[in-house]
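Raw contents of input15.cif, mmCIF, C-alpha atoms:
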```cif
data_upload
#
loop_
_atom_site.group_PDB
_atom_site.id
_atom_site.type_symbol
_atom_site.label_atom_id
_atom_site.label_comp_id
_atom_site.auth_asym_id
_atom_site.auth_seq_id
_atom_site.Cartn_x
_atom_site.Cartn_y
_atom_site.Cartn_z
ATOM 1 C CA MET M 1356 195.398 180.751 53.586
ATOM 2 C CA LEU M 1357 193.738 179.084 56.536
ATOM 3 C CA ILE M 1358 195.432 179.179 59.899
ATOM 4 C CA ILE M 1359 194.337 176.885 62.695
ATOM 5 C CA ASN M 1360 195.783 177.507 66.125
ATOM 6 C CA ILE M 1361 196.215 174.260 68.011
ATOM 7 C CA LYS M 1362 195.178 174.591 71.631
ATOM 8 C CA GLU M 1363 197.050 173.031 74.508
ATOM 9 C CA ASN M 1364 196.369 169.323 75.003
ATOM 10 C CA GLU M 1365 194.285 169.228 71.797
ATOM 11 C CA SER M 1366 194.536 166.083 69.736
ATOM 12 C CA ILE M 1367 195.572 166.336 66.116
ATOM 13 C CA ASP M 1368 192.268 164.733 65.100
ATOM 14 C CA LYS M 1369 190.230 167.557 66.629
ATOM 15 C CA ALA M 1370 192.474 170.183 65.045
ATOM 16 C CA LEU M 1371 192.149 168.462 61.667
ATOM 17 C CA LYS M 1372 188.372 168.339 62.061
ATOM 18 C CA ARG M 1373 188.305 172.091 62.786
ATOM 19 C CA PHE M 1374 190.490 172.704 59.729
ATOM 20 C CA LYS M 1375 188.209 170.652 57.481
ATOM 21 C CA LYS M 1376 185.131 172.485 58.756
ATOM 22 C CA LYS M 1377 186.752 175.878 58.196
ATOM 23 C CA PHE M 1378 187.949 174.846 54.731
ATOM 24 C CA GLU M 1379 184.480 173.651 53.775
ATOM 25 C CA LYS M 1380 182.948 176.973 54.840
ATOM 26 C CA THR M 1381 185.210 178.853 52.412
ATOM 27 C CA GLY M 1382 183.593 177.037 49.483
ATOM 28 C CA VAL M 1383 186.852 176.564 47.577
ATOM 29 C CA LEU M 1384 186.277 172.903 46.816
ATOM 30 C CA LYS M 1385 182.692 173.488 45.718
ATOM 31 C CA GLU M 1386 183.792 176.227 43.328
ATOM 32 C CA LEU M 1387 186.631 174.077 41.989
ATOM 33 C CA ARG M 1388 184.227 171.248 41.177
ATOM 34 C CA ALA M 1389 181.834 173.697 39.516
ATOM 35 C CA ARG M 1390 184.619 175.021 37.286
ATOM 36 C CA THR M 1391 185.754 171.605 36.059
ATOM 37 C CA SER M 1392 182.954 171.414 33.511
ATOM 38 C CA PHE M 1393 181.044 174.202 31.815
ATOM 39 C CA GLU M 1394 177.316 174.339 32.407
ATOM 40 C CA LYS M 1395 175.142 176.493 30.213
ATOM 41 C CA PRO M 1396 173.259 179.234 32.103
ATOM 42 C CA SER M 1397 169.895 177.872 30.929
ATOM 43 C CA VAL M 1398 170.750 174.405 32.261
ATOM 44 C CA ARG M 1399 171.967 175.879 35.553
ATOM 45 C CA ARG M 1400 168.740 177.875 35.933
ATOM 46 C CA ARG M 1401 166.627 174.824 35.154
ATOM 47 C CA SER M 1402 168.432 172.688 37.725
ATOM 48 C CA GLU M 1403 168.085 175.440 40.356
ATOM 49 C CA ILE M 1404 164.333 175.581 39.720
ATOM 50 C CA ILE M 1405 164.044 171.804 40.014
ATOM 51 C CA ARG M 1406 166.045 171.843 43.291
ATOM 52 C CA ALA M 1407 163.909 174.659 44.688
ATOM 53 C CA ALA M 1408 160.676 172.841 43.800
ATOM 54 C CA TYR M 1409 161.971 169.660 45.461
ATOM 55 C CA LYS M 1410 162.931 171.526 48.647
ATOM 56 C CA GLN M 1411 159.598 173.322 48.754
ATOM 57 C CA LYS M 1412 157.760 170.027 48.335
ATOM 58 C CA MET M 1413 159.792 168.390 51.114
ATOM 59 C CA TYR M 1414 159.404 171.269 53.579
ATOM 60 C CA GLY M 1415 155.738 171.742 52.660
ATOM 61 C CA ASN M 1416 154.921 168.144 53.613
ATOM 62 C CA GLN M 1417 156.523 168.477 57.063
ATOM 63 C CA ASN M 1418 154.161 171.237 58.174
ATOM 64 C CA GLN M 1419 151.020 169.225 57.460
#
```

So, in terms of structure tokens, how does the structure I just supplied come out?
Amino acid sequence: MLIINIKENESIDKALKRFKKKFEKTGVLKELRARTSFEKPSVRRRSEIIRAAYKQKMYGNQNQ
């Protein structure tokens, strides 16, 4: 359970923003979305390799 202490004179918007950021860091929503549909391990591995190649290509072009 997440607990956010609201500081004095802090607007509810700022407190809500801090809560959302903290909630996102826990990774609960990401895991929930991943569990909604089953993905075969071979498909997951393949997509990870494709993502890694894309990132490497993008970061490799910035250095040149």

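Among the candidates M:Glu1394, M:Ile1359, M:Ala1389, M:Arg1406, the one nearest to Lys1377 of chain M when counting only C-alpha atoms is M:Ile1359.
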
Long-range neighbours of segment 1370-1372 of chain M as a PyMOL selection string, 10 Å cut-off, all atoms listed in the file, 4 positions minimum in chain: chain M and resi 1359-1362+1365-1366+1376-1378

Taking C-alpha atoms for each residue, export the selection above as a short mmCIF file (atom, residue, chain, number, x, y, z; two decimals), in the frame of the given file.
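The resulting file, selection36.cif, is reproduced below:
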```cif
data_model
loop_
_atom_site.label_atom_id
_atom_site.label_comp_id
_atom_site.auth_asym_id
_atom_site.auth_seq_id
_atom_site.Cartn_x
_atom_site.Cartn_y
_atom_site.Cartn_z
CA ILE M 1359 194.34 176.88 62.70
CA ASN M 1360 195.78 177.51 66.12
CA ILE M 1361 196.22 174.26 68.01
CA LYS M 1362 195.18 174.59 71.63
CA GLU M 1365 194.28 169.23 71.80
CA SER M 1366 194.54 166.08 69.74
CA LYS M 1376 185.13 172.48 58.76
CA LYS M 1377 186.75 175.88 58.20
CA PHE M 1378 187.95 174.85 54.73
#
```

Gap from atom CA of Pro1396 of chain M to atom CA of Glu1379 of chain M - Å, one decimal: 25.0 Å

Box for segment 1361-1365 of chain M: with edges along x, y and z, all listed atoms inside and 6 Å added on each side, what are the centre and edge lengths in Å to one decimal, as AutoDock Vina command-line options?
```
--center_x 195.7 --center_y 171.9 --center_z 71.5 --size_x 14.8 --size_y 17.4 --size_z 19.0
```

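Comparing M:Ile1405, M:Ile1367, M:Met1356, M:Val1398 by their smallest distance to Thr1381 of chain M, the closest is M:Met1356 (using all atoms listed in the file).
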
Pairwise distance for atom CA of Lys1380 of chain M and atom CA of Gln1411 of chain M, rounded to one decimal in Å: 24.4 Å

Straight-line distance linking atom CA of Lys1385 of chain M with atom CA of Ala1408 of chain M, stated in Å to one decimal: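 Atom CA of Ala1408 of chain M lies 22.1 Å from atom CA of Lys1385 of chain M.
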